[in-house]
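I have placed the structure first, in the form of structure tokens, so that the comments after it can refer back to it.
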Amino acid sequence: MEKSQLSRRNFLGKSAVIGAAGVIGLNALASCSSKTKTVDYAFPTILDKAPDGKKLRAGLVGCGNRGTGAALNFLAAGNDLELIALADVFEDKVWDCRSKLSKQRVEVPEANCFWGFDSYKSLLDVDLDVVILATPPHFRPAYFDACVQAKKHVFMEKPVCVDPVGARQIIATSRKAENIGLTVITGTQRRHQDDYLETYRQVASGAIGEITSAKAWWLQNHVWFRTREEGWSDMEYMIRNWNNFCWLCGDHILDTHVHNIDIINWFLGKHPDEAIGFGGRARRLTGDQYDFFSIDFNFGNGVYSHSMSRQIDDCANTLGEQINGTEGYTNCKNAIYNLDGSVKWKYDYPKDKDGKSTEVVAISPYIQEHISLVTSIRTNKSVVEAERTAISTLTAIMGRTAAYTGQLVTWDEMMNSTVKLGPEKYEMGPVDKEFPVPIPGSQHRS
């Protein structure tokens, strides 16, 4: 049977053709100097709430916990915001989401609740202004394209795709959204978080000198998995267990660690040129993914970023970023340090009633990104974040491919790769495809 997974046997063999979307993406991603300097970055305006304006009606596609949370975040962003439609592959997910929203006094009309693989199309037929995309990442490129063709503003969770073909489709659709004046905000909330933004300003203005190296890490327990229940077909089982199948979520180097990878790309002002690394699987019970990754990203001019992620229970857990320079270093979130470790600058958090630092920003970044969405729409100032998030997602895909195959993988190979993960048809029932755990290299001989 046909296999479309990222094995050592088929990755480079599927790297020959670049389509129109790939050309658009490649031309758009000109590398810039790694030397730190003040850059022309479009900082989001940090507001307590979005300005008043016309009523905005939203629909949610993907009714799991993240989708339900994103819908509530949207409603908390300002006045005259409504959620009026729901869509998901599974009927029970729709009704569960609707029930949770009802407990928050959010009533979604029953007639606007849809399920099935084409439910997003039914949702787009409703009179909407905004669509919130919170499905498993595999479906986002096609759903995003449908939203833009329907001229809807979009909030789209990260990662925005799971494979190179999807990344190029996101980039091409992003250009369409820009051309027709839509707003697209993605779930990279750190870029809407005031402490990260202020730290970036410091670094971009030369606070640590010229950047010399970086590292990023996300180490945590395994998130969740579903055991197969009686009566579930292959397709139903995989989608209900989507966080454990690469074709649906992209592996955890995309699903979670892409946040840290995005920060490094942002602060360095470019994507890496190539990646080499490794990973493996020791503890997972379901799916086809790795438990850990360790990747070296080469940004050129002698600048490397080490990137590691792990999901194994009962290990030391931590996450964050660090960027080193000739005159200091930063944790990217709230502090700049001199080379001797002394503090050069710290972000000033709001104070509590006793005058002590709260150590958190005034507005949750999960709400702030929706404030940015609504503000952009109501002020007629289009903002489209999809391309930059596609670049960070493709960076993670490059690292994943390096680990899965054991090869050094270049950005140009990623931009030319025709690898597309997942089955050809979306229908409940058996799936005529294998999803083996990738094994890099070859077996040694005695």
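We name chains A, B, ... following the order of the structure tokens; residues begin at 1 in each chain, and ligands are numbered from 1 as shown.
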
Just want the 8 Å neighbourhood of A:Pro51, counted on only C-alpha atoms, with same-chain residues fewer than 5 positions away dropped. Output as a PDB file with N, CA and C atoms, in the first residue's frame.
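Written file, out-v2.pdb:
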```pdb
ATOM      1  N   GLY A  78     -13.766  42.227  23.442  1.00  0.00           N
ATOM      2  CA  GLY A  78     -14.403  43.532  23.301  1.00  0.00           C
ATOM      3  C   GLY A  78     -15.912  43.408  23.351  1.00  0.00           C
ATOM      4  N   ASN A  79     -16.581  44.485  22.965  1.00  0.00           N
ATOM      5  CA  ASN A  79     -18.042  44.527  22.964  1.00  0.00           C
ATOM      6  C   ASN A  79     -18.610  44.105  21.612  1.00  0.00           C
ATOM      7  N   VAL A 374      -9.779  41.796  16.474  1.00  0.00           N
ATOM      8  CA  VAL A 374     -10.955  42.670  16.415  1.00  0.00           C
ATOM      9  C   VAL A 374     -10.543  44.108  16.118  1.00  0.00           C
ATOM     10  N   THR A 375      -9.455  44.561  16.728  1.00  0.00           N
ATOM     11  CA  THR A 375      -8.973  45.927  16.489  1.00  0.00           C
ATOM     12  C   THR A 375      -8.631  46.132  15.020  1.00  0.00           C
ATOM     13  N   ARG A 378     -11.911  46.339  12.964  1.00  0.00           N
ATOM     14  CA  ARG A 378     -12.728  47.534  13.201  1.00  0.00           C
ATOM     15  C   ARG A 378     -12.037  48.824  12.811  1.00  0.00           C
TER      16      ARG A 378
END
```

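Using only C-alpha atoms, the residues found no farther than 10 Å from A:Leu219, other than those of its own chain fewer than 6 positions away, are Thr256, His257, Phe292, Met308, Ser309, Arg310, Gln311, Ile312, Asp313, Cys315, Ala316, Asn317, Thr318, Leu319 and Gly320 of chain A.
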
Each residue of stretch 200-303 of chain A with at least one atom at most 12 Å from stretch 99-118 of chain A should appear once, together with its nearest atom pair and the corresponding distance in Å (one decimal); atoms considered: only C-alpha atoms; ordering: chain, then increasing residue number; output as CSV.
```
residue,atom,partner,partner_atom,distance
A:Met235,CA,A:Phe117,CA,11.4
A:Glu236,CA,A:Gly116,CA,11.3
A:Ile239,CA,A:Phe117,CA,11.2
```

task = Based on DSSP run over this structure's backbone, return all residues of stretch 291-383 of chain A in strand (DSSP E or B), as a PyMOL selection string.
result = chain A and resi 292-300+303-311+318-325+328-330+335-337+343-346+351+357

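Every protein or nucleic acid residue with an atom no more than 8 Å from A:Asp296, counting only C-alpha atoms and leaving out same-chain residues fewer than 6 positions away, appears here: Ala275, Ile276, Gly277, Tyr304, Ser305, His306, Ser307 and Gly399 of chain A.
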
Shell of 6 Å around stretch 430-441 of chain A, only C-alpha atoms, local chain residues under 2 positions omitted, as a ChimeraX atom specification = /A:7,233-234,288,404-406
